[in-house]
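Colleague: Below is the file work-v2.txt, with compact mmCIF, N, CA and C atoms.
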# COMPACT_ATOMS: atom_id res chain seq x y z
N MET N 14 5.30 -17.86 -46.32
CA MET N 14 6.46 -17.07 -46.05
C MET N 14 6.87 -17.25 -44.59
N ALA N 15 8.12 -17.54 -44.33
CA ALA N 15 8.59 -17.77 -42.96
C ALA N 15 8.55 -16.49 -42.15
N GLY N 16 8.14 -16.61 -40.89
CA GLY N 16 8.14 -15.48 -39.99
C GLY N 16 6.94 -14.55 -40.12
N VAL N 17 6.04 -14.81 -41.05
CA VAL N 17 4.88 -13.96 -41.22
C VAL N 17 3.69 -14.60 -40.52
N ARG N 18 3.02 -13.82 -39.68
CA ARG N 18 1.87 -14.33 -38.96
C ARG N 18 0.63 -14.23 -39.83
N PRO N 19 -0.28 -15.18 -39.70
CA PRO N 19 -1.53 -15.05 -40.43
C PRO N 19 -2.32 -13.84 -39.92
N GLN N 20 -3.16 -13.27 -40.77
CA GLN N 20 -3.92 -12.08 -40.42
C GLN N 20 -4.72 -12.27 -39.14
N SER N 21 -5.23 -13.48 -38.89
CA SER N 21 -6.06 -13.72 -37.70
C SER N 21 -5.27 -13.59 -36.41
N ALA N 22 -3.94 -13.57 -36.47
CA ALA N 22 -3.12 -13.48 -35.27
C ALA N 22 -2.93 -12.03 -34.81
N PHE N 23 -3.55 -11.08 -35.49
CA PHE N 23 -3.39 -9.67 -35.16
C PHE N 23 -4.74 -9.04 -34.86
N ARG N 24 -4.69 -7.97 -34.08
CA ARG N 24 -5.90 -7.20 -33.82
C ARG N 24 -5.65 -5.77 -34.28
N ARG N 25 -6.69 -5.09 -34.65
CA ARG N 25 -6.56 -3.70 -35.09
C ARG N 25 -6.33 -2.79 -33.89
N CYS N 26 -5.41 -1.87 -34.06
CA CYS N 26 -5.13 -0.88 -33.03
C CYS N 26 -5.50 0.49 -33.56
N GLY N 27 -5.21 1.51 -32.79
CA GLY N 27 -5.55 2.88 -33.16
C GLY N 27 -4.88 3.34 -34.44
N ALA N 28 -5.33 4.48 -34.94
CA ALA N 28 -4.79 5.04 -36.17
C ALA N 28 -3.90 6.23 -35.83
N THR N 29 -2.83 6.39 -36.59
CA THR N 29 -1.95 7.53 -36.47
C THR N 29 -1.93 8.22 -37.83
N ARG N 30 -2.43 9.43 -37.88
CA ARG N 30 -2.50 10.19 -39.13
C ARG N 30 -3.16 9.40 -40.25
N GLY N 31 -4.23 8.70 -39.90
CA GLY N 31 -4.99 7.98 -40.90
C GLY N 31 -4.41 6.62 -41.28
N VAL N 32 -3.25 6.25 -40.73
CA VAL N 32 -2.63 4.95 -41.04
C VAL N 32 -3.01 3.97 -39.94
N ARG N 33 -3.64 2.88 -40.31
CA ARG N 33 -4.01 1.85 -39.33
C ARG N 33 -2.88 0.83 -39.28
N TYR N 34 -2.57 0.37 -38.11
CA TYR N 34 -1.51 -0.62 -37.95
C TYR N 34 -2.05 -1.79 -37.13
N LEU N 35 -1.37 -2.91 -37.18
CA LEU N 35 -1.79 -4.13 -36.50
C LEU N 35 -0.76 -4.52 -35.45
N MET N 36 -1.25 -5.04 -34.32
CA MET N 36 -0.38 -5.51 -33.25
C MET N 36 -0.73 -6.96 -32.96
N PRO N 37 0.25 -7.77 -32.54
CA PRO N 37 -0.07 -9.16 -32.22
C PRO N 37 -1.01 -9.24 -31.02
N ASP N 38 -1.92 -10.20 -31.07
CA ASP N 38 -2.81 -10.44 -29.92
C ASP N 38 -2.00 -10.96 -28.75
N GLU N 39 -2.48 -10.65 -27.56
CA GLU N 39 -1.85 -11.16 -26.35
C GLU N 39 -2.21 -12.64 -26.19
N ASP N 40 -1.30 -13.42 -25.68
CA ASP N 40 -1.55 -14.84 -25.44
C ASP N 40 -2.74 -14.99 -24.51
N PHE N 41 -3.67 -15.87 -24.85
CA PHE N 41 -4.90 -16.03 -24.06
C PHE N 41 -4.60 -16.46 -22.63
N ARG N 42 -3.51 -17.18 -22.40
CA ARG N 42 -3.16 -17.61 -21.05
C ARG N 42 -2.70 -16.42 -20.21
N LEU N 43 -1.94 -15.52 -20.82
CA LEU N 43 -1.53 -14.30 -20.12
C LEU N 43 -2.74 -13.43 -19.81
N THR N 44 -3.66 -13.33 -20.73
CA THR N 44 -4.88 -12.56 -20.51
C THR N 44 -5.66 -13.12 -19.33
N LYS N 45 -5.81 -14.43 -19.27
CA LYS N 45 -6.56 -15.07 -18.18
C LYS N 45 -5.84 -14.87 -16.84
N ILE N 46 -4.53 -15.04 -16.81
CA ILE N 46 -3.77 -14.85 -15.57
C ILE N 46 -3.89 -13.39 -15.11
N THR N 47 -3.84 -12.46 -16.04
CA THR N 47 -4.01 -11.05 -15.71
C THR N 47 -5.37 -10.80 -15.08
N GLN N 48 -6.42 -11.39 -15.65
CA GLN N 48 -7.76 -11.24 -15.08
C GLN N 48 -7.81 -11.78 -13.66
N LEU N 49 -7.20 -12.94 -13.43
CA LEU N 49 -7.20 -13.52 -12.09
C LEU N 49 -6.42 -12.65 -11.10
N CYS N 50 -5.28 -12.13 -11.53
CA CYS N 50 -4.45 -11.31 -10.64
C CYS N 50 -5.09 -9.96 -10.34
N ARG N 51 -5.86 -9.43 -11.27
CA ARG N 51 -6.50 -8.12 -11.04
C ARG N 51 -7.55 -8.17 -9.95
N THR N 52 -7.98 -9.36 -9.56
CA THR N 52 -8.94 -9.47 -8.45
C THR N 52 -8.24 -9.37 -7.10
N LEU N 53 -6.92 -9.42 -7.09
CA LEU N 53 -6.14 -9.34 -5.86
C LEU N 53 -5.78 -7.88 -5.57
N PRO N 54 -5.86 -7.44 -4.32
CA PRO N 54 -5.63 -6.03 -3.99
C PRO N 54 -4.25 -5.52 -4.39
N GLU N 55 -4.24 -4.35 -5.00
CA GLU N 55 -3.02 -3.59 -5.33
C GLU N 55 -2.06 -4.34 -6.25
N THR N 56 -2.58 -5.16 -7.13
CA THR N 56 -1.73 -5.92 -8.06
C THR N 56 -1.37 -5.07 -9.27
N GLU N 57 -0.12 -5.16 -9.69
CA GLU N 57 0.36 -4.50 -10.90
C GLU N 57 1.00 -5.52 -11.81
N ARG N 58 0.85 -5.30 -13.12
CA ARG N 58 1.45 -6.19 -14.12
C ARG N 58 2.49 -5.42 -14.90
N ALA N 59 3.64 -6.06 -15.15
CA ALA N 59 4.67 -5.47 -16.00
C ALA N 59 4.97 -6.46 -17.12
N LEU N 60 4.87 -6.00 -18.35
CA LEU N 60 5.18 -6.84 -19.51
C LEU N 60 6.65 -6.71 -19.85
N ARG N 61 7.25 -7.82 -20.17
CA ARG N 61 8.65 -7.86 -20.57
C ARG N 61 8.75 -8.80 -21.77
N GLY N 62 8.37 -8.29 -22.94
CA GLY N 62 8.33 -9.13 -24.14
C GLY N 62 7.20 -10.13 -24.02
N ASP N 63 7.52 -11.42 -24.16
CA ASP N 63 6.52 -12.47 -24.01
C ASP N 63 6.34 -12.90 -22.56
N HIS N 64 7.03 -12.25 -21.65
CA HIS N 64 6.95 -12.57 -20.24
C HIS N 64 6.23 -11.44 -19.51
N ALA N 65 5.74 -11.75 -18.32
CA ALA N 65 5.12 -10.73 -17.49
C ALA N 65 5.38 -11.08 -16.03
N ASP N 66 5.43 -10.06 -15.21
CA ASP N 66 5.47 -10.32 -13.78
C ASP N 66 4.32 -9.57 -13.12
N PHE N 67 3.87 -10.12 -12.01
CA PHE N 67 2.75 -9.57 -11.26
C PHE N 67 3.27 -9.25 -9.86
N ARG N 68 3.01 -8.01 -9.44
CA ARG N 68 3.58 -7.52 -8.19
C ARG N 68 2.50 -6.97 -7.27
N VAL N 69 2.82 -7.03 -6.00
CA VAL N 69 2.04 -6.34 -4.99
C VAL N 69 3.04 -5.50 -4.21
N ARG N 70 2.85 -4.19 -4.23
CA ARG N 70 3.77 -3.25 -3.58
C ARG N 70 5.23 -3.53 -3.91
N GLN N 71 5.50 -3.62 -5.18
CA GLN N 71 6.86 -3.77 -5.74
C GLN N 71 7.46 -5.17 -5.57
N ARG N 72 6.72 -6.11 -4.97
CA ARG N 72 7.26 -7.46 -4.77
C ARG N 72 6.56 -8.43 -5.71
N VAL N 73 7.33 -9.21 -6.45
CA VAL N 73 6.78 -10.15 -7.42
C VAL N 73 6.17 -11.35 -6.70
N PHE N 74 4.93 -11.69 -7.09
CA PHE N 74 4.30 -12.90 -6.55
C PHE N 74 4.00 -13.91 -7.66
N ALA N 75 4.13 -13.52 -8.93
CA ALA N 75 3.90 -14.47 -10.01
C ALA N 75 4.58 -13.99 -11.28
N TYR N 76 4.99 -14.96 -12.09
CA TYR N 76 5.55 -14.71 -13.41
C TYR N 76 4.77 -15.51 -14.44
N PHE N 77 4.56 -14.91 -15.60
CA PHE N 77 4.09 -15.66 -16.76
C PHE N 77 5.29 -15.77 -17.68
N LEU N 78 5.69 -16.99 -17.99
CA LEU N 78 6.86 -17.22 -18.83
C LEU N 78 6.44 -17.91 -20.12
N ASN N 79 6.93 -17.39 -21.23
CA ASN N 79 6.63 -17.95 -22.54
C ASN N 79 7.96 -18.22 -23.25
N ASP N 80 8.36 -19.49 -23.29
CA ASP N 80 9.61 -19.91 -23.95
C ASP N 80 10.82 -19.22 -23.31
N HIS N 81 10.85 -19.21 -21.98
CA HIS N 81 11.92 -18.57 -21.23
C HIS N 81 13.26 -19.23 -21.54
N HIS N 82 14.21 -18.46 -22.00
CA HIS N 82 15.53 -18.94 -22.39
C HIS N 82 15.45 -20.06 -23.43
N GLY N 83 14.41 -20.04 -24.26
CA GLY N 83 14.29 -21.01 -25.35
C GLY N 83 13.91 -22.41 -24.91
N ASP N 84 13.29 -22.56 -23.73
CA ASP N 84 12.95 -23.90 -23.24
C ASP N 84 11.65 -24.45 -23.83
N GLY N 85 10.89 -23.61 -24.55
CA GLY N 85 9.65 -24.07 -25.17
C GLY N 85 8.47 -24.21 -24.22
N VAL N 86 8.63 -23.85 -22.97
CA VAL N 86 7.59 -24.03 -21.95
C VAL N 86 6.82 -22.72 -21.76
N ILE N 87 5.50 -22.84 -21.65
CA ILE N 87 4.65 -21.72 -21.28
C ILE N 87 4.10 -22.06 -19.90
N SER N 88 4.30 -21.15 -18.94
CA SER N 88 3.94 -21.48 -17.56
C SER N 88 3.63 -20.24 -16.73
N VAL N 89 3.06 -20.50 -15.58
CA VAL N 89 2.92 -19.50 -14.54
C VAL N 89 3.79 -19.98 -13.38
N CYS N 90 4.60 -19.08 -12.84
CA CYS N 90 5.48 -19.44 -11.72
C CYS N 90 5.05 -18.67 -10.49
N CYS N 91 4.99 -19.40 -9.38
CA CYS N 91 4.49 -18.82 -8.13
C CYS N 91 5.35 -19.24 -6.96
N LYS N 92 5.31 -18.43 -5.91
CA LYS N 92 5.98 -18.73 -4.64
C LYS N 92 5.14 -19.77 -3.90
N SER N 93 5.80 -20.62 -3.13
CA SER N 93 5.07 -21.64 -2.38
C SER N 93 5.59 -21.69 -0.95
N ALA N 94 4.83 -22.35 -0.12
CA ALA N 94 5.25 -22.59 1.26
C ALA N 94 6.47 -23.52 1.24
N LEU N 95 7.19 -23.53 2.32
CA LEU N 95 8.41 -24.31 2.44
C LEU N 95 8.20 -25.77 2.03
N GLY N 96 8.92 -26.22 1.02
CA GLY N 96 8.87 -27.61 0.56
C GLY N 96 7.72 -27.93 -0.38
N GLU N 97 6.72 -27.06 -0.47
CA GLU N 97 5.58 -27.34 -1.35
C GLU N 97 6.01 -27.42 -2.81
N ASN N 98 6.97 -26.59 -3.21
CA ASN N 98 7.41 -26.62 -4.60
C ASN N 98 8.02 -27.97 -4.96
N LEU N 99 8.82 -28.52 -4.06
CA LEU N 99 9.44 -29.83 -4.31
C LEU N 99 8.40 -30.94 -4.36
N GLU N 100 7.42 -30.85 -3.46
CA GLU N 100 6.36 -31.86 -3.42
C GLU N 100 5.52 -31.83 -4.69
N ARG N 101 5.21 -30.66 -5.19
CA ARG N 101 4.43 -30.56 -6.44
C ARG N 101 5.18 -31.21 -7.60
N VAL N 102 6.46 -30.89 -7.72
CA VAL N 102 7.26 -31.44 -8.81
C VAL N 102 7.37 -32.96 -8.67
N ARG N 103 7.56 -33.43 -7.46
CA ARG N 103 7.66 -34.86 -7.21
C ARG N 103 6.36 -35.59 -7.55
N SER N 104 5.23 -34.98 -7.19
CA SER N 104 3.94 -35.64 -7.38
C SER N 104 3.45 -35.60 -8.82
N ASP N 105 3.82 -34.57 -9.59
CA ASP N 105 3.32 -34.46 -10.97
C ASP N 105 4.34 -33.71 -11.84
N PRO N 106 5.45 -34.37 -12.19
CA PRO N 106 6.51 -33.70 -12.96
C PRO N 106 6.11 -33.33 -14.38
N ALA N 107 5.01 -33.88 -14.90
CA ALA N 107 4.55 -33.51 -16.23
C ALA N 107 3.90 -32.11 -16.22
N ARG N 108 3.40 -31.69 -15.06
CA ARG N 108 2.73 -30.38 -14.97
C ARG N 108 3.53 -29.33 -14.22
N PHE N 109 4.35 -29.75 -13.27
CA PHE N 109 5.07 -28.81 -12.42
C PHE N 109 6.57 -28.98 -12.60
N TYR N 110 7.32 -27.89 -12.43
CA TYR N 110 8.78 -27.93 -12.54
C TYR N 110 9.37 -26.83 -11.66
N LEU N 111 10.66 -26.94 -11.41
CA LEU N 111 11.37 -25.91 -10.66
C LEU N 111 12.01 -24.96 -11.66
N PRO N 112 11.58 -23.71 -11.70
CA PRO N 112 12.14 -22.76 -12.67
C PRO N 112 13.57 -22.39 -12.32
N ALA N 113 14.34 -22.09 -13.37
CA ALA N 113 15.74 -21.68 -13.19
C ALA N 113 15.80 -20.46 -12.28
N TYR N 114 16.84 -20.40 -11.47
CA TYR N 114 17.16 -19.30 -10.58
C TYR N 114 16.24 -19.20 -9.35
N ILE N 115 14.94 -19.33 -9.51
CA ILE N 115 14.02 -19.09 -8.39
C ILE N 115 13.46 -20.38 -7.79
N GLY N 116 13.63 -21.51 -8.46
CA GLY N 116 13.13 -22.78 -7.95
C GLY N 116 13.76 -23.14 -6.61
N ALA N 117 15.01 -22.82 -6.45
CA ALA N 117 15.71 -23.13 -5.20
C ALA N 117 15.27 -22.22 -4.06
N ARG N 118 14.53 -21.14 -4.39
CA ARG N 118 14.06 -20.21 -3.37
C ARG N 118 12.57 -20.37 -3.08
N GLY N 119 12.02 -21.57 -3.37
CA GLY N 119 10.65 -21.86 -3.01
C GLY N 119 9.62 -21.62 -4.09
N TRP N 120 10.04 -21.37 -5.31
CA TRP N 120 9.12 -21.14 -6.42
C TRP N 120 8.94 -22.43 -7.24
N PHE N 121 7.80 -22.53 -7.91
CA PHE N 121 7.56 -23.63 -8.84
C PHE N 121 6.83 -23.09 -10.06
N GLY N 122 6.92 -23.82 -11.14
CA GLY N 122 6.21 -23.45 -12.37
C GLY N 122 5.11 -24.46 -12.65
N MET N 123 3.96 -23.98 -13.10
CA MET N 123 2.87 -24.84 -13.55
C MET N 123 2.76 -24.65 -15.05
N ARG N 124 2.91 -25.74 -15.79
CA ARG N 124 2.87 -25.66 -17.24
C ARG N 124 1.47 -25.34 -17.74
N LEU N 125 1.42 -24.41 -18.69
CA LEU N 125 0.16 -24.01 -19.31
C LEU N 125 0.13 -24.37 -20.79
N ASP N 126 1.13 -25.08 -21.23
CA ASP N 126 1.20 -25.47 -22.64
C ASP N 126 0.69 -26.89 -22.88
N ARG N 127 0.06 -27.44 -21.88
CA ARG N 127 -0.54 -28.78 -21.99
C ARG N 127 -2.00 -28.67 -21.59
N GLU N 128 -2.84 -29.23 -22.39
CA GLU N 128 -4.30 -29.14 -22.13
C GLU N 128 -4.73 -30.31 -21.27
N PRO N 129 -5.81 -30.20 -20.56
CA PRO N 129 -6.55 -28.97 -20.29
C PRO N 129 -5.93 -28.21 -19.13
N ILE N 130 -6.16 -26.91 -19.10
CA ILE N 130 -5.69 -26.07 -18.00
C ILE N 130 -6.79 -25.97 -16.96
N ASP N 131 -6.46 -26.28 -15.73
CA ASP N 131 -7.41 -26.15 -14.63
C ASP N 131 -7.28 -24.73 -14.07
N TRP N 132 -8.15 -23.82 -14.55
CA TRP N 132 -8.04 -22.42 -14.16
C TRP N 132 -8.37 -22.19 -12.69
N HIS N 133 -9.15 -23.06 -12.09
CA HIS N 133 -9.40 -22.94 -10.64
C HIS N 133 -8.12 -23.23 -9.86
N GLU N 134 -7.35 -24.19 -10.34
CA GLU N 134 -6.07 -24.49 -9.69
C GLU N 134 -5.10 -23.32 -9.89
N VAL N 135 -5.07 -22.75 -11.08
CA VAL N 135 -4.21 -21.59 -11.33
C VAL N 135 -4.59 -20.44 -10.39
N GLU N 136 -5.88 -20.18 -10.27
CA GLU N 136 -6.35 -19.14 -9.37
C GLU N 136 -5.91 -19.41 -7.93
N ASN N 137 -6.00 -20.65 -7.51
CA ASN N 137 -5.61 -21.04 -6.16
C ASN N 137 -4.12 -20.79 -5.91
N ILE N 138 -3.27 -21.20 -6.84
CA ILE N 138 -1.83 -21.03 -6.63
C ILE N 138 -1.43 -19.55 -6.70
N LEU N 139 -2.13 -18.77 -7.52
CA LEU N 139 -1.86 -17.33 -7.56
C LEU N 139 -2.22 -16.67 -6.23
N GLU N 140 -3.37 -17.03 -5.68
CA GLU N 140 -3.79 -16.47 -4.39
C GLU N 140 -2.85 -16.88 -3.27
N ARG N 141 -2.42 -18.13 -3.28
CA ARG N 141 -1.50 -18.60 -2.23
C ARG N 141 -0.17 -17.86 -2.31
N SER N 142 0.32 -17.69 -3.53
CA SER N 142 1.58 -16.96 -3.72
C SER N 142 1.43 -15.51 -3.28
N TYR N 143 0.32 -14.90 -3.65
CA TYR N 143 0.04 -13.52 -3.24
C TYR N 143 0.07 -13.39 -1.72
N ARG N 144 -0.59 -14.31 -1.03
CA ARG N 144 -0.64 -14.24 0.43
C ARG N 144 0.75 -14.39 1.05
N LEU N 145 1.63 -15.14 0.41
CA LEU N 145 2.99 -15.30 0.93
C LEU N 145 3.84 -14.05 0.72
N ILE N 146 3.55 -13.29 -0.32
CA ILE N 146 4.38 -12.14 -0.69
C ILE N 146 3.82 -10.82 -0.18
N ALA N 147 2.51 -10.67 -0.19
CA ALA N 147 1.87 -9.41 0.17
C ALA N 147 2.10 -9.06 1.64
N PRO N 148 2.09 -7.76 1.95
CA PRO N 148 2.12 -7.37 3.36
C PRO N 148 0.95 -8.02 4.10
N LYS N 149 1.14 -8.28 5.37
CA LYS N 149 0.16 -9.02 6.16
C LYS N 149 -1.24 -8.42 6.11
N ARG N 150 -1.36 -7.11 6.16
CA ARG N 150 -2.69 -6.48 6.14
C ARG N 150 -3.41 -6.71 4.81
N LEU N 151 -2.68 -6.62 3.71
CA LEU N 151 -3.30 -6.89 2.41
C LEU N 151 -3.69 -8.36 2.30
N ALA N 152 -2.81 -9.23 2.72
CA ALA N 152 -3.11 -10.67 2.69
C ALA N 152 -4.34 -10.97 3.54
N GLN N 153 -4.45 -10.30 4.67
CA GLN N 153 -5.59 -10.51 5.56
C GLN N 153 -6.90 -10.06 4.90
N THR N 154 -6.87 -8.96 4.14
CA THR N 154 -8.10 -8.52 3.46
C THR N 154 -8.55 -9.55 2.44
N LEU N 155 -7.61 -10.21 1.81
CA LEU N 155 -7.95 -11.26 0.84
C LEU N 155 -8.59 -12.45 1.56
N ILE N 156 -8.05 -12.83 2.69
CA ILE N 156 -8.61 -13.96 3.46
C ILE N 156 -10.01 -13.63 3.93
N GLN N 157 -10.22 -12.41 4.43
CA GLN N 157 -11.54 -11.99 4.89
C GLN N 157 -12.54 -11.92 3.74
N ARG N 158 -12.10 -11.48 2.59
CA ARG N 158 -12.97 -11.38 1.41
C ARG N 158 -13.45 -12.76 0.96
N ASN N 159 -12.60 -13.77 1.11
CA ASN N 159 -12.93 -15.12 0.65
C ASN N 159 -13.83 -15.89 1.62
N ARG N 160 -14.11 -15.32 2.78
CA ARG N 160 -14.95 -16.02 3.75
C ARG N 160 -16.41 -15.93 3.37
If you took the structure in this file and wrote it as structure tokens, what would it be?

Modeller:
Amino acid sequence: MAGVRPQSAFRRCGATRGVRYLMPDEDFRLTKITQLCRTLPETERALRGDHADFRVRQRVFAYFLNDHHGDGVISVCCKSALGENLERVRSDPARFYLPAYIGARGWFGMRLDREPIDWHEVENILERSYRLIAPKRLAQTLIQRNR
């Protein structure tokens, strides 16, 4: 049947008046990115359908995008130092791209829909983006913690 997910794609949730209902599982890549971001001070996650943004003190430092505007791409988008986003795309266009709207402002996307995913690299780009966006004192605590 079209549009019906197999039973394994759902997890059991709480009961309401004895009726059990099922909710779709969260994408494993979003779960992993959330785990990585939760290690950063004062990080908050906001879900927006299949997308999520990660903020520090109301400022976005990362996006998880799943088929954004129907492009079929699953990625994490992060802020980069001046010119780093262009260099990444130039050096490896199969893995990196400039996301619509924010690519021109120093952001880049790392594709997560191609195997294998280097989670250490994802962690590194999330931390770098966080340090660029977070207030200086918070960014400094992260640098000191990593020593």

Colleague: So that I can check the surroundings of segment 139-156 of chain N, please list as an mmCIF file with N, CA and C atoms, keeping the file's coordinate frame every protein, DNA and RNA residue that reaches within 6.5 Å of it, counting only N, CA and C atoms and ignoring chain neighbours fewer than 6 positions away.

Modeller:
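For reference, part-v9.cif as written:
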data_model
loop_
_atom_site.group_PDB
_atom_site.id
_atom_site.type_symbol
_atom_site.label_atom_id
_atom_site.label_comp_id
_atom_site.auth_asym_id
_atom_site.auth_seq_id
_atom_site.Cartn_x
_atom_site.Cartn_y
_atom_site.Cartn_z
ATOM 1 N N VAL N 69 2.820 -7.030 -6.000
ATOM 2 C CA VAL N 69 2.040 -6.340 -4.990
ATOM 3 C C VAL N 69 3.040 -5.500 -4.210
ATOM 4 N N VAL N 73 7.330 -9.210 -6.450
ATOM 5 C CA VAL N 73 6.780 -10.150 -7.420
ATOM 6 C C VAL N 73 6.170 -11.350 -6.700
ATOM 7 N N PHE N 74 4.930 -11.690 -7.090
ATOM 8 C CA PHE N 74 4.300 -12.900 -6.550
ATOM 9 C C PHE N 74 4.000 -13.910 -7.660
ATOM 10 N N CYS N 91 4.990 -19.400 -9.380
ATOM 11 C CA CYS N 91 4.490 -18.820 -8.130
ATOM 12 C C CYS N 91 5.350 -19.240 -6.960
ATOM 13 N N LYS N 92 5.310 -18.430 -5.910
ATOM 14 C CA LYS N 92 5.980 -18.730 -4.640
ATOM 15 C C LYS N 92 5.140 -19.770 -3.900
ATOM 16 N N SER N 93 5.800 -20.620 -3.130
ATOM 17 C CA SER N 93 5.070 -21.640 -2.380
ATOM 18 C C SER N 93 5.590 -21.690 -0.950
#

Colleague: Hey, what does DSSP flag as helix (DSSP H, G or I) within segment 68-148 of chain N? Can you give it to me as a ChimeraX atom specification?

Modeller: /N:81-83,97-104,116-118,132-146

Colleague: Do you know which residues are at most 8 Å from segment 121-134 of chain N counting all atoms listed in the file, after dropping those on the same chain fewer than 5 positions away, and could you put them as a list in words?

Modeller: Arg42, Gly85, Val86, Ile87, Ser88, Val89, Cys90, Cys91, Lys92, Ser93, Glu97, Asn98, Leu99, Arg101, Val102, Ala107, Arg108, Phe109, Tyr110, Leu111, Pro112, Ala113, Ile115, Gly116, Leu139 and Glu140 of chain N

Colleague: Given all atoms listed in the file as the basis, pick out the residue of N:Gln157, N:Ala117, N:Glu136, N:Asp84 nearest to Cys50 of chain N.

Modeller: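 Checking each of N:Gln157, N:Ala117, N:Glu136, N:Asp84 against Cys50 of chain N, counting all atoms listed in the file, the winner is N:Glu136.
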
Colleague: Out of N:His64, N:Gly119, N:Ile46, N:Asn137, which residue has the shortest atom-to-atom distance to His81 of chain N when counting all atoms listed in the file?

Modeller: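 Among the listed residues, the smallest separation from His81 of chain N belongs to N:His64.
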